[in-house]
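Engineer: If it helps, the file is called final-v3.cif and holds mmCIF, C-alpha atoms and all ligand atoms:
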data_run
loop_
_atom_site.label_atom_id
_atom_site.label_comp_id
_atom_site.auth_asym_id
_atom_site.auth_seq_id
_atom_site.Cartn_x
_atom_site.Cartn_y
_atom_site.Cartn_z
CA MET K 82 224.49 -108.88 -83.35
CA PRO K 83 222.70 -106.57 -80.87
CA SER K 84 218.93 -106.49 -81.33
CA ALA K 85 217.62 -103.56 -83.33
CA ILE K 86 215.61 -102.29 -80.44
CA SER K 87 218.30 -102.48 -77.74
CA GLN K 88 220.41 -100.13 -79.88
CA PHE K 89 217.65 -97.55 -79.47
CA ILE K 90 217.13 -98.24 -75.77
CA HIS K 91 220.70 -98.03 -74.49
CA PRO K 92 221.21 -94.34 -75.29
CA ALA K 93 217.93 -93.54 -73.50
CA LEU K 94 219.02 -95.53 -70.43
CA ASP K 95 222.47 -93.90 -70.53
CA ARG K 96 220.77 -90.52 -70.10
CA GLN K 97 219.13 -91.77 -66.91
CA GLY K 98 222.29 -93.34 -65.46
CA VAL K 99 220.58 -96.74 -65.22
CA SER K 100 222.64 -99.51 -63.57
CA ASP K 101 223.70 -102.59 -65.53
CA GLU K 102 221.33 -104.85 -63.55
CA MET K 103 218.33 -102.59 -64.12
CA ARG K 104 219.26 -102.24 -67.77
CA HIS K 105 219.37 -106.00 -68.11
CA LEU K 106 216.03 -106.37 -66.38
CA MET K 107 214.39 -103.76 -68.62
CA ILE K 108 215.66 -105.35 -71.81
CA THR K 109 215.08 -109.01 -70.93
CA PRO K 110 211.55 -110.31 -71.56
CA TYR K 111 209.53 -111.47 -68.57
CA ARG K 112 208.71 -114.69 -70.40
CA GLU K 113 209.09 -116.14 -73.90
CA ILE K 114 207.23 -119.15 -75.17
CA LYS K 115 207.76 -121.18 -78.33
CA PHE K 116 205.67 -124.22 -79.18
CA GLY K 117 204.74 -126.62 -81.96
CA LEU K 118 201.23 -126.41 -83.42
CA PRO K 119 200.28 -129.51 -85.43
CA ILE K 120 197.11 -129.46 -87.51
CA VAL K 121 195.48 -131.73 -90.06
CA ASP K 122 195.79 -129.84 -93.35
CA HIS K 123 193.31 -129.74 -96.26
CA GLU K 124 194.95 -132.79 -97.87
CA GLY K 125 194.48 -134.89 -94.74
CA GLY K 126 198.19 -134.88 -93.79
CA MET K 127 199.82 -133.44 -90.68
CA LYS K 128 201.36 -129.99 -90.88
CA LEU K 129 203.46 -128.55 -88.08
CA TYR K 130 203.63 -124.82 -87.39
CA THR K 131 205.52 -122.93 -84.69
CA GLY K 132 203.78 -120.53 -82.32
CA PHE K 133 205.40 -117.82 -80.18
CA ARG K 134 204.46 -115.36 -77.46
CA VAL K 135 206.94 -113.01 -75.89
CA GLN K 136 205.71 -111.18 -72.78
CA HIS K 137 208.17 -108.38 -72.32
CA ASN K 138 207.10 -106.27 -69.34
CA HIS K 139 203.96 -105.83 -67.23
CA SER K 140 204.97 -103.31 -64.62
CA ARG K 141 202.47 -100.71 -65.93
CA GLY K 142 199.60 -103.08 -66.69
CA PRO K 143 198.74 -106.38 -68.39
CA PHE K 144 200.90 -107.53 -71.30
CA LYS K 145 199.49 -106.13 -74.54
CA GLY K 146 200.34 -106.71 -78.17
CA GLY K 147 199.35 -108.14 -81.50
CA LEU K 148 199.53 -111.54 -83.14
CA ARG K 149 201.51 -111.72 -86.36
CA PHE K 150 200.95 -114.62 -88.76
CA HIS K 151 203.84 -114.38 -91.21
CA PRO K 152 206.39 -116.73 -92.84
CA ASP K 153 209.45 -114.75 -91.65
CA VAL K 154 208.80 -114.52 -87.91
CA ASP K 155 210.98 -116.07 -85.21
CA LEU K 156 211.69 -115.56 -81.53
CA ASP K 157 214.23 -112.74 -82.07
CA HIS K 158 211.64 -110.92 -84.11
CA PHE K 159 208.97 -111.17 -81.43
CA ARG K 160 211.45 -110.24 -78.70
CA ASP K 161 212.06 -106.88 -80.39
CA LEU K 162 208.40 -106.31 -81.26
CA ALA K 163 207.25 -107.13 -77.69
CA SER K 164 209.74 -104.62 -76.33
CA VAL K 165 208.46 -101.97 -78.77
CA MET K 166 204.96 -102.49 -77.31
CA THR K 167 206.21 -101.82 -73.76
CA TRP K 168 207.75 -98.45 -74.66
CA LYS K 169 204.83 -97.54 -76.94
CA CYS K 170 202.19 -98.06 -74.23
CA ALA K 171 204.34 -96.16 -71.72
CA LEU K 172 204.92 -93.25 -74.11
CA VAL K 173 201.22 -92.71 -74.81
CA ASP K 174 200.53 -93.39 -71.14
CA ILE K 175 198.03 -96.22 -71.34
CA PRO K 176 198.00 -98.82 -68.56
CA PHE K 177 199.46 -101.77 -70.43
CA GLY K 178 202.79 -103.52 -70.71
CA GLY K 179 204.21 -105.08 -73.85
CA ALA K 180 203.96 -108.42 -75.62
CA LYS K 181 203.90 -109.82 -79.15
CA GLY K 182 203.46 -113.24 -80.67
CA GLY K 183 202.08 -115.22 -83.53
CA ILE K 184 202.63 -118.14 -85.82
CA ASN K 185 205.27 -118.80 -88.45
CA CYS K 186 202.97 -119.44 -91.42
CA ASN K 187 201.81 -117.88 -94.65
CA PRO K 188 198.10 -117.01 -94.23
CA ARG K 189 197.73 -117.05 -98.05
CA ASP K 190 198.47 -120.79 -98.04
CA LEU K 191 195.87 -121.60 -95.37
CA ASN K 192 192.16 -121.95 -95.90
CA GLN K 193 189.61 -120.46 -93.49
CA GLN K 194 189.17 -123.68 -91.54
CA GLU K 195 192.92 -124.19 -91.08
CA MET K 196 193.27 -120.59 -89.88
CA GLU K 197 190.50 -121.14 -87.35
CA VAL K 198 192.00 -124.35 -85.99
CA LEU K 199 195.50 -122.85 -85.76
CA THR K 200 194.27 -119.69 -84.05
CA LYS K 201 192.18 -121.56 -81.49
CA ARG K 202 194.96 -124.05 -80.79
CA PHE K 203 197.40 -121.18 -80.29
CA VAL K 204 195.09 -119.76 -77.60
CA GLU K 205 194.59 -123.14 -75.90
CA ARG K 206 198.36 -123.56 -75.61
CA LEU K 207 198.83 -120.22 -73.88
CA ASP K 208 195.76 -120.71 -71.67
CA GLU K 209 196.43 -119.22 -68.18
CA MET K 210 199.03 -116.84 -69.56
CA LEU K 211 196.31 -114.89 -71.40
CA GLY K 212 193.30 -113.03 -69.98
CA PRO K 213 192.00 -109.45 -69.61
CA ASP K 214 194.23 -108.79 -66.58
CA HIS K 215 197.20 -110.84 -67.80
CA ASP K 216 197.87 -110.66 -71.53
CA ILE K 217 195.54 -109.26 -74.19
CA PRO K 218 196.18 -110.10 -77.88
CA ALA K 219 195.14 -107.92 -80.84
CA PRO K 220 195.59 -107.92 -84.62
CA ASP K 221 198.94 -107.40 -86.32
CA MET K 222 200.26 -108.47 -89.76
CA GLY K 223 198.30 -111.42 -91.15
CA THR K 224 195.53 -111.24 -88.54
CA GLY K 225 192.36 -109.18 -88.17
CA PRO K 226 188.90 -109.09 -86.57
CA GLN K 227 188.04 -112.67 -87.64
CA GLU K 228 191.05 -114.17 -85.81
CA MET K 229 190.16 -112.08 -82.74
CA ALA K 230 186.62 -113.49 -82.82
CA TRP K 231 188.05 -117.03 -82.81
CA ILE K 232 190.28 -116.10 -79.87
CA LEU K 233 187.26 -114.85 -77.95
CA GLU K 234 185.45 -118.11 -78.63
CA ALA K 235 188.44 -120.29 -77.65
CA ARG K 236 188.87 -118.41 -74.36
CA SER K 237 185.13 -118.46 -73.55
CA GLN K 238 185.11 -122.27 -73.51
CA ASP K 239 186.90 -122.47 -70.16
CA HIS K 240 186.82 -118.93 -68.87
CA GLY K 241 183.27 -117.70 -69.54
CA PHE K 242 182.20 -114.48 -71.22
CA GLU K 243 184.88 -111.80 -71.03
CA PRO K 244 185.13 -109.65 -74.17
CA GLY K 245 188.09 -107.72 -72.71
CA THR K 246 190.17 -110.84 -73.29
CA VAL K 247 191.17 -109.70 -76.78
CA THR K 248 190.92 -106.41 -78.73
CA GLY K 249 190.43 -105.63 -82.41
CA LYS K 250 187.29 -107.79 -82.46
CA PRO K 251 184.49 -107.39 -85.03
CA LEU K 252 181.89 -104.77 -84.11
CA GLN K 253 179.21 -107.48 -83.81
CA LEU K 254 181.32 -109.13 -81.12
CA PHE K 255 182.10 -106.23 -78.79
CA GLY K 256 184.80 -104.61 -80.94
CA SER K 257 185.17 -100.83 -80.75
CA GLU K 258 184.08 -98.26 -83.28
CA GLY K 259 187.19 -96.80 -84.90
CA ARG K 260 189.53 -99.70 -84.00
CA THR K 261 190.08 -101.09 -87.53
CA GLN K 262 191.13 -97.67 -88.82
CA ALA K 263 192.89 -96.60 -85.61
CA THR K 264 196.53 -97.21 -86.49
CA GLY K 265 196.27 -95.44 -89.85
CA HIS K 266 194.13 -92.70 -88.31
CA GLY K 267 196.82 -92.09 -85.69
CA VAL K 268 199.59 -92.08 -88.32
CA ALA K 269 197.67 -89.42 -90.26
CA PHE K 270 197.19 -87.21 -87.16
CA VAL K 271 200.87 -87.48 -86.27
CA THR K 272 201.91 -86.77 -89.88
CA ARG K 273 199.78 -83.61 -89.85
CA TRP K 274 201.40 -82.34 -86.63
CA ALA K 275 204.89 -83.30 -87.86
CA CYS K 276 204.28 -81.41 -91.13
CA GLU K 277 203.22 -78.30 -89.18
CA ASP K 278 206.36 -78.61 -87.11
CA SER K 279 208.57 -78.92 -90.21
CA ASN K 280 206.79 -76.05 -92.02
CA ILE K 281 205.32 -78.36 -94.63
CA ASP K 282 201.79 -77.41 -95.68
CA ILE K 283 199.73 -80.61 -95.43
CA GLN K 284 197.32 -79.30 -98.08
CA ASP K 285 200.10 -79.44 -100.60
CA ALA K 286 202.42 -82.07 -99.13
CA SER K 287 203.55 -84.94 -101.38
CA ILE K 288 203.46 -88.25 -99.55
CA ALA K 289 204.79 -91.73 -100.39
CA ILE K 290 203.49 -94.71 -98.42
CA GLN K 291 205.25 -98.07 -98.53
CA GLY K 292 202.84 -100.88 -97.59
CA PHE K 293 199.13 -100.95 -98.33
CA GLY K 294 197.73 -103.32 -95.74
CA ASN K 295 195.48 -102.19 -92.90
CA VAL K 296 197.89 -99.47 -91.71
CA GLY K 297 199.07 -98.14 -95.09
CA SER K 298 195.64 -98.04 -96.70
CA TYR K 299 193.92 -96.20 -93.83
CA THR K 300 196.88 -93.82 -93.54
CA ALA K 301 196.47 -93.02 -97.26
CA GLN K 302 192.74 -92.52 -96.87
CA PHE K 303 192.97 -90.15 -93.89
CA LEU K 304 195.86 -88.15 -95.38
CA HIS K 305 193.93 -87.83 -98.61
CA ASP K 306 190.97 -86.55 -96.55
CA PHE K 307 193.28 -84.01 -94.88
CA GLY K 308 194.03 -82.65 -98.37
CA ALA K 309 197.51 -84.15 -98.83
CA ARG K 310 198.73 -85.47 -102.17
CA VAL K 311 199.45 -89.17 -101.78
CA VAL K 312 201.74 -89.59 -104.79
CA ALA K 313 202.93 -93.17 -104.28
CA ILE K 314 201.75 -96.36 -102.61
CA SER K 315 203.01 -99.94 -102.79
CA ASP K 316 202.46 -103.48 -101.62
CA LYS K 317 205.08 -106.20 -101.55
CA ASP K 318 204.97 -106.71 -105.33
CA GLY K 319 205.43 -103.07 -106.30
CA GLY K 320 203.42 -99.90 -106.47
CA LEU K 321 201.87 -96.91 -108.18
CA TYR K 322 203.13 -93.38 -108.63
CA HIS K 323 201.43 -90.21 -109.84
CA PRO K 324 203.19 -86.89 -109.25
CA GLU K 325 199.87 -84.98 -109.10
CA GLY K 326 198.50 -87.35 -106.45
CA LEU K 327 196.80 -90.74 -106.72
CA ASP K 328 193.03 -91.06 -106.58
CA ILE K 329 193.04 -92.90 -103.24
CA PRO K 330 189.22 -93.29 -102.88
CA GLU K 331 189.08 -94.84 -106.37
CA ILE K 332 191.97 -97.22 -105.61
CA LEU K 333 190.39 -98.33 -102.34
CA GLN K 334 187.09 -98.92 -104.08
CA VAL K 335 188.53 -100.85 -107.03
CA ARG K 336 190.70 -102.98 -104.78
CA GLN K 337 188.02 -103.85 -102.31
CA GLN K 338 185.34 -104.69 -104.78
CA PRO K 339 186.10 -107.72 -106.87
CA HIS K 340 189.26 -109.20 -105.37
CA GLU K 341 190.66 -107.96 -102.15
CA LYS K 342 194.00 -109.60 -102.84
CA LEU K 343 194.52 -107.87 -106.16
CA ARG K 344 198.05 -106.48 -106.44
CA LEU K 345 198.32 -102.71 -106.63
CA ASN K 346 200.33 -102.81 -109.84
CA GLU K 347 197.51 -104.82 -111.47
CA LEU K 348 194.90 -102.11 -110.86
CA ALA K 349 193.51 -100.31 -113.88
CA VAL K 350 194.12 -96.75 -112.63
CA SER K 351 196.08 -93.98 -114.22
CA ALA K 352 199.52 -94.10 -112.63
CA GLU K 353 203.08 -95.19 -113.33
CA GLN K 354 204.32 -98.46 -111.91
CA ILE K 355 207.24 -98.29 -109.51
CA THR K 356 209.21 -100.72 -107.39
CA ASN K 357 209.38 -100.58 -103.61
CA GLU K 358 212.98 -99.41 -103.75
CA GLU K 359 212.03 -96.57 -106.12
CA LEU K 360 209.20 -95.53 -103.81
CA LEU K 361 211.51 -95.30 -100.80
CA THR K 362 213.89 -92.96 -102.60
CA LEU K 363 211.31 -90.64 -104.21
CA ASP K 364 211.72 -86.90 -103.86
CA VAL K 365 208.70 -86.28 -101.61
CA ASP K 366 207.84 -84.22 -98.55
CA VAL K 367 206.91 -87.20 -96.40
CA LEU K 368 207.90 -90.84 -96.60
CA ILE K 369 205.80 -93.28 -94.57
CA PRO K 370 207.14 -96.84 -94.31
CA ALA K 371 204.04 -98.85 -93.33
CA ALA K 372 205.11 -102.44 -93.99
CA VAL K 373 207.92 -104.43 -92.42
CA GLU K 374 211.11 -103.85 -90.43
CA ALA K 375 214.45 -102.44 -91.62
CA VAL K 376 213.33 -101.14 -95.05
CA ILE K 377 215.43 -98.01 -94.56
CA ASN K 378 218.92 -99.30 -93.88
CA GLU K 379 222.62 -98.73 -94.55
CA GLU K 380 222.19 -99.67 -98.22
CA ASN K 381 219.59 -97.09 -99.18
CA VAL K 382 219.82 -94.36 -96.52
CA GLU K 383 222.03 -92.09 -98.63
CA ASP K 384 219.44 -92.21 -101.43
CA ILE K 385 216.51 -91.12 -99.25
CA GLN K 386 215.24 -87.75 -100.50
CA ALA K 387 212.16 -87.23 -98.30
CA ARG K 388 212.09 -84.20 -96.00
CA LEU K 389 210.35 -86.06 -93.18
CA ILE K 390 209.89 -89.74 -92.27
CA VAL K 391 206.94 -91.04 -90.25
CA GLU K 392 207.28 -94.63 -89.05
CA ALA K 393 203.92 -96.36 -89.47
CA ALA K 394 205.50 -99.84 -89.36
CA ASN K 395 207.34 -101.12 -86.31
CA ILE K 396 211.15 -100.62 -86.53
CA PRO K 397 211.25 -99.74 -90.29
CA VAL K 398 214.50 -97.76 -89.91
CA THR K 399 217.66 -99.50 -88.68
CA CYS K 400 219.75 -97.86 -85.98
CA GLU K 401 222.61 -97.16 -88.42
CA ALA K 402 220.24 -95.56 -90.92
CA ASP K 403 218.61 -93.56 -88.13
CA GLN K 404 221.97 -92.04 -87.19
CA ARG K 405 222.66 -91.08 -90.81
CA LEU K 406 219.21 -89.50 -91.19
CA GLU K 407 219.85 -87.46 -88.07
CA GLU K 408 223.21 -86.30 -89.44
CA ARG K 409 221.51 -85.42 -92.72
CA GLY K 410 218.88 -83.39 -90.85
CA ILE K 411 215.91 -85.55 -91.91
CA PRO K 412 213.53 -85.81 -88.93
CA VAL K 413 212.09 -89.25 -88.12
CA ILE K 414 208.87 -89.58 -86.13
CA PRO K 415 209.39 -92.83 -84.24
CA ASP K 416 207.07 -95.82 -84.48
CA ILE K 417 206.30 -95.86 -80.76
CA LEU K 418 204.41 -92.61 -81.24
CA ALA K 419 203.45 -92.67 -84.94
CA ASN K 420 201.69 -96.05 -84.90
CA ALA K 421 200.41 -95.98 -81.31
CA GLY K 422 196.84 -95.26 -82.47
CA GLY K 423 196.09 -98.97 -82.79
CA VAL K 424 196.93 -99.92 -79.25
CA THR K 425 195.35 -96.70 -77.96
CA VAL K 426 191.98 -97.70 -79.41
CA SER K 427 192.62 -101.27 -78.22
CA TYR K 428 192.77 -99.76 -74.74
CA LEU K 429 189.48 -97.93 -75.37
CA GLU K 430 187.92 -101.19 -76.59
CA TRP K 431 189.11 -102.94 -73.40
CA VAL K 432 187.65 -100.14 -71.23
CA GLN K 433 184.28 -100.35 -73.03
CA ASN K 434 184.27 -104.15 -72.73
CA ARG K 435 184.93 -104.02 -69.02
CA GLN K 436 182.13 -101.50 -68.56
CA ARG K 437 179.84 -103.65 -70.74
CA TYR K 438 179.13 -100.48 -72.67
CA SER K 439 180.00 -99.08 -76.07
CA TRP K 440 180.84 -95.58 -77.22
CA LYS K 441 180.07 -93.74 -80.42
CA GLU K 442 182.85 -93.47 -83.02
CA GLU K 443 183.16 -89.71 -82.45
CA LYS K 444 184.01 -90.22 -78.81
CA VAL K 445 186.59 -92.92 -79.61
CA ASN K 446 188.23 -90.77 -82.28
CA HIS K 447 188.27 -87.75 -80.01
CA ILE K 448 190.07 -89.65 -77.21
CA LEU K 449 192.46 -91.14 -79.78
CA GLU K 450 193.44 -87.73 -81.10
CA GLU K 451 193.74 -86.24 -77.62
CA THR K 452 195.89 -89.10 -76.31
CA LEU K 453 198.29 -88.96 -79.24
CA HIS K 454 198.40 -85.17 -79.18
CA GLN K 455 199.37 -85.12 -75.54
CA ALA K 456 202.18 -87.62 -76.21
CA TRP K 457 203.25 -85.63 -79.29
CA ASN K 458 203.43 -82.36 -77.32
CA HIS K 459 205.35 -83.94 -74.48
CA LEU K 460 207.78 -85.63 -76.86
CA THR K 461 208.48 -82.64 -79.09
CA SER K 462 208.94 -80.18 -76.24
CA TYR K 463 211.25 -82.60 -74.43
CA ALA K 464 213.29 -83.20 -77.61
CA ARG K 465 213.58 -79.46 -78.13
CA GLU K 466 214.57 -78.65 -74.54
CA GLU K 467 217.18 -81.38 -74.45
CA GLN K 468 218.26 -80.86 -78.08
CA ILE K 469 217.95 -84.54 -78.85
CA SER K 470 216.22 -86.51 -81.62
CA ARG K 471 212.55 -87.40 -81.29
CA ARG K 472 213.55 -91.04 -81.19
CA LEU K 473 215.80 -90.53 -78.19
CA ALA K 474 213.19 -88.34 -76.51
CA ALA K 475 210.49 -90.98 -77.07
CA TYR K 476 212.63 -93.77 -75.65
CA THR K 477 213.73 -91.65 -72.72
CA ILE K 478 210.12 -90.85 -71.75
CA GLY K 479 208.95 -94.45 -72.26
CA THR K 480 211.83 -96.15 -70.46
CA GLN K 481 211.69 -93.70 -67.58
CA ARG K 482 208.02 -94.44 -66.92
CA VAL K 483 208.64 -98.18 -66.99
CA ARG K 484 211.74 -97.93 -64.80
CA GLU K 485 209.84 -95.90 -62.19
CA ALA K 486 207.03 -98.47 -62.18
CA ILE K 487 209.52 -101.32 -61.69
CA GLN K 488 211.26 -99.49 -58.86
CA LEU K 489 208.04 -98.52 -57.06
CA ARG K 490 206.74 -102.09 -57.17
CA GLY K 491 209.99 -103.61 -55.89
CA PHE K 492 211.27 -107.02 -56.75
N1 LIG K 501 199.68 -104.62 -83.51
C1 LIG K 501 199.48 -103.27 -83.12
C2 LIG K 501 200.80 -102.62 -82.75
O1 LIG K 501 201.87 -103.06 -83.14
C3 LIG K 501 198.38 -103.12 -82.08
C4 LIG K 501 198.58 -103.87 -80.82
C5 LIG K 501 197.38 -103.84 -79.88
O2 LIG K 501 196.39 -103.21 -80.18
O3 LIG K 501 197.51 -104.45 -78.81
O4 LIG K 501 200.84 -101.60 -82.10
#
Take the structure in this file and express it as C-alpha cells.
Ligand code: GLU
Structural biologist:
Amino acid sequence: MPSAISQFIHPALDRQGVSDEMRHLMITPYREIKFGLPIVDHEGGMKLYTGFRVQHNHSRGPFKGGLRFHPDVDLDHFRDLASVMTWKCALVDIPFGGAKGGINCNPRDLNQQEMEVLTKRFVERLDEMLGPDHDIPAPDMGTGPQEMAWILEARSQDHGFEPGTVTGKPLQLFGSEGRTQATGHGVAFVTRWACEDSNIDIQDASIAIQGFGNVGSYTAQFLHDFGARVVAISDKDGGLYHPEGLDIPEILQVRQQPHEKLRLNELAVSAEQITNEELLTLDVDVLIPAAVEAVINEENVEDIQARLIVEAANIPVTCEADQRLEERGIPVIPDILANAGGVTVSYLEWVQNRQRYSWKEEKVNHILEETLHQAWNHLTSYAREEQISRRLAAYTIGTQRVREAIQLRGF
C-alpha cells in the first residue's frame, strides 16, 4: 500500500515535472534508525522497548521534529510523519528539515523514573546524530516539557551546555514563552482566517474538536477566546456536546485541578455525552481533528456534515477521503499549515537559545501569527490562481522549496 503521505506528494511533484530519480530522492528518508531499548522495570524485571528516529530531509536546515511515545507507532508511521515535517517547515519557510521519532510504549503504564531512563537512553543511542545543527527533537504525542528537560540533561553529559539541542523545554530550562500553547494557538489563527475566507462569522461559528490533548485543548481555549462556540470536544474515550457552546474555561479548570487524566465524559459539566464517531459527523461549521491519523476516511467521509475542516493533527484525513471532500466542496486546511505553529515557535526557541537571550511572550506570539499569516496568504492566493485545492497548493509550495534546495546544493 502506498504511504499516506506519498499520495499527497506525487500530484504536487507531477505539477513540477519532477524526474523519477528526484522524486525517489525526495520521498526516501535520509536515514532511518530502529533500536531496542531495554530497561529494568518497577518490578525488577527486564522490559524491552523499541525506539525509532527517521531523518527525512535536511537540505533546508537541521532535521527537526517531535518524539512520540505511543503504543501504536512503527517505522512506517514515523516515515510519514518525518516527511510531513519536511514539507511543513518548508511551507512556513523556517530553516529546518524534517524528522520524527519516538518509542513504542504506553506512557500511562510507565512511572516517572522509567520514563526518565527510557528518554535518556533513547538520546544516548542516537548520540552524534542529534545536536542543534544536526537534529533537534521536540514534544509530540506522549511527550512534553519534562521529557525535553531529560533530553537536555542527557546531551549535556558529553556535549556541554547547548540549550538549542532540543525545543519545547520547560521555561525554567531555556524553553520559550508561548511554546506549550503554540500548536493550538496556530490552529486557532488559521481557523479564524479560514472562516473569513469561507464567509463563516467566527463570533457565531460552531466548532467540534476531536482530541483534547495539548493541541486540542489549547485550540479550544483560543477559539473560545476569539468568540467561537466550541460545541463538542472529545478524548479517546468519548466526548461532550452542547449545541449552545461548551464552557471551555470551566472544563479546562475542572480537568486540570484534581486529576489531569480525568476522562472528559466523566466531568461534571452540563453537556450531552457523545462518541468520537458522532463528533466527527456533527452538523457544525468547523470540524477540527486534533488527535491521530486517518480519522476521516472512506468509511465516514460521506457522513461528514461540517462546512470546513482544519487539520490540527498530522494526516487526520486519508487521501481517498480528501478527494471525496474536495468533490463535495468541503474545504480542508492541510496539517502542514494548520498545525505548523508548534514547530514555528520551536524555531523561535532555538533562535533565542542560540542568542542566549529570551523574548517576551508578546514578541513570540506576534512572530508566530505573522509567520503563519504569510504562509496562509501565499497558499490561498496560489490555490486560487491555479484553481487547485489548498492541500495541493501547500504541497506544491513545500516540495518546490525543498527541491530547489537539493538542486542548488548538488549531490
Ligand atoms: N510535534 C510537532 C509537530 O508535529 C512539533 C515539532 C517541533 O516543534 O519540532 O509539528
Engineer: Where does chain K meet ligand LIG 501 (chain K) within 6 Å, residue by residue, with the nearest atom pair and distance in Å to one decimal for each, counting all atoms listed in the file, listed by chain and rising number, as JSON lines?
Structural biologist:
{"residue": "K:Lys145", "atom": "CA", "partner": "K:LIG501", "partner_atom": "O3", "distance": 5.0}
{"residue": "K:Gly146", "atom": "CA", "partner": "K:LIG501", "partner_atom": "O3", "distance": 3.7}
{"residue": "K:Gly147", "atom": "CA", "partner": "K:LIG501", "partner_atom": "N1", "distance": 4.1}
{"residue": "K:Pro218", "atom": "CA", "partner": "K:LIG501", "partner_atom": "O3", "distance": 5.9}
{"residue": "K:Ala219", "atom": "CA", "partner": "K:LIG501", "partner_atom": "O3", "distance": 4.7}
{"residue": "K:Pro220", "atom": "CA", "partner": "K:LIG501", "partner_atom": "N1", "distance": 5.4}
{"residue": "K:Asp221", "atom": "CA", "partner": "K:LIG501", "partner_atom": "N1", "distance": 4.0}
{"residue": "K:Ala421", "atom": "CA", "partner": "K:LIG501", "partner_atom": "O4", "distance": 5.7}
{"residue": "K:Gly423", "atom": "CA", "partner": "K:LIG501", "partner_atom": "C3", "distance": 4.8}
{"residue": "K:Val424", "atom": "CA", "partner": "K:LIG501", "partner_atom": "O2", "distance": 3.5}
{"residue": "K:Ser427", "atom": "CA", "partner": "K:LIG501", "partner_atom": "O2", "distance": 4.7}
Engineer: Which residue out of K:Glu430, K:Glu102, K:Glu195, K:Glu234 has the minimum interatomic distance to Leu449 of chain K when all atoms listed in the file are used?
Structural biologist: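 Among the listed residues, the smallest separation from Leu449 of chain K belongs to K:Glu430.
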Engineer: Please report the interatomic distance between atom CA of Phe133 of chain K and atom CA of Ser298 of chain K in Å with one decimal.
Structural biologist: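 Separating atom CA of Phe133 of chain K from atom CA of Ser298 of chain K is a distance of 27.6 Å.
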Engineer: Determine, counting all atoms listed in the file, which protein, DNA and RNA residues have an atom within 9 Å of an atom of Leu406 of chain K; residues of the same chain fewer than 4 positions away are not included. Present the result as a list of chain:residue names.
Structural biologist: K:Val382, K:Glu383, K:Ile385, K:Glu401, K:Ala402, K:Gly410, K:Ile411, K:Pro412, K:Val413
Engineer: Find the residues near Glu258 of chain K: any atom within 12 Å, counting all atoms listed in the file, skip ones fewer than 6 places away on the same chain, and give them as a PyMOL selection string.
Structural biologist: chain K and resi 248-252+426-427+429-430+433+438-447+449
Engineer: Quick one: residues within 12 Å of Ile120 of chain K, all atoms listed in the file counted, chain neighbours fewer than 3 positions away excluded, as a ChimeraX atom specification?
Structural biologist: /K:117,123-131,191,194-203
Engineer: So which residues touch Ile314 of chain K within 7 Å, counting all atoms listed in the file, skipping near sequence neighbours fewer than 6 positions away, as a PyMOL selection string?
Structural biologist: chain K and resi 289-293+320-322
Engineer: Quick one: of K:Leu345, K:Ile329, K:Ile184, K:Ala235, who's nearest to Asp208 of chain K, counting only C-alpha atoms?
Structural biologist: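 Result for the nearest residue to Asp208 of chain K: K:Ala235.
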Engineer: How big is the axis-aligned box, and where does its centre sit, when it encloses all atoms of segment 360-377 of chain K listed in the file and has 5 Å added on every side, reported in Å to one decimal as AutoDock Vina command-line options?
Structural biologist:
--center_x 209.7 --center_y -94.3 --center_z -97.3 --size_x 21.4 --size_y 30.2 --size_z 23.8
Engineer: Excluding segment 261-278 of chain K and any residue of its chain fewer than 2 positions from it, enumerate the residues within 7 Å of it, using all atoms listed in the file, and give them as a list of chain:residue names.
Structural biologist: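 In the requested form, the answer reads K:Gly249, K:Gly259, K:Asn280, K:Ile281, K:Asp282, K:Ile283, K:Val296, K:Gly297, K:Tyr299, K:Thr300, K:Phe303, K:Leu304, K:Val391, K:Ala393, K:Ala419, K:Asn420, K:Ala421, K:Gly422, K:Gly423, K:Val426.
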Engineer: Please, could you write that set of residues out with C-alpha atoms as a tab-separated table (two decimals), keeping the file's coordinate frame?
Structural biologist:
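So the final result, stored in part20.tsv, reads:
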chain	number	residue	atom	x	y	z
K	249	GLY	CA	190.43	-105.63	-82.41
K	259	GLY	CA	187.19	-96.80	-84.90
K	280	ASN	CA	206.79	-76.05	-92.02
K	281	ILE	CA	205.32	-78.36	-94.63
K	282	ASP	CA	201.79	-77.41	-95.68
K	283	ILE	CA	199.73	-80.61	-95.43
K	296	VAL	CA	197.89	-99.47	-91.71
K	297	GLY	CA	199.07	-98.14	-95.09
K	299	TYR	CA	193.92	-96.20	-93.83
K	300	THR	CA	196.88	-93.82	-93.54
K	303	PHE	CA	192.97	-90.15	-93.89
K	304	LEU	CA	195.86	-88.15	-95.38
K	391	VAL	CA	206.94	-91.04	-90.25
K	393	ALA	CA	203.92	-96.36	-89.47
K	419	ALA	CA	203.45	-92.67	-84.94
K	420	ASN	CA	201.69	-96.05	-84.90
K	421	ALA	CA	200.41	-95.98	-81.31
K	422	GLY	CA	196.84	-95.26	-82.47
K	423	GLY	CA	196.09	-98.97	-82.79
K	426	VAL	CA	191.98	-97.70	-79.41
Engineer: Residues of segment 407-489 of chain K that have any atom at most 8 Å from an atom of segment 169-182 of chain K: could you tabulate them with the shortest-distance atom pair and the distance in Å to one decimal, using only C-alpha atoms, ordered by chain and increasing number, as CSV?
Structural biologist:
residue,atom,partner,partner_atom,distance
K:Ile417,CA,K:Lys169,CA,4.4
K:Leu418,CA,K:Lys169,CA,6.6
K:Ala421,CA,K:Lys169,CA,6.4
K:Val424,CA,K:Cys170,CA,7.5
K:Thr425,CA,K:Ile175,CA,7.2
K:Tyr428,CA,K:Ile175,CA,7.2
K:Thr452,CA,K:Val173,CA,6.6
K:Leu453,CA,K:Val173,CA,6.5
K:Gln455,CA,K:Val173,CA,7.8
K:Ala456,CA,K:Val173,CA,5.4
K:Ala475,CA,K:Leu172,CA,6.7
K:Tyr476,CA,K:Leu172,CA,7.9
K:Ile478,CA,K:Leu172,CA,6.2
K:Gly479,CA,K:Leu172,CA,4.6
K:Thr480,CA,K:Ala171,CA,7.6
K:Arg482,CA,K:Ala171,CA,6.3
K:Val483,CA,K:Ala171,CA,6.7
Engineer: When you draw a straight line from atom CA of Pro110 of chain K to atom CA of Arg160 of chain K, how long is it in Å?
Structural biologist: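 Computed distance, atom CA of Pro110 of chain K to atom CA of Arg160 of chain K, equals 7.1 Å.
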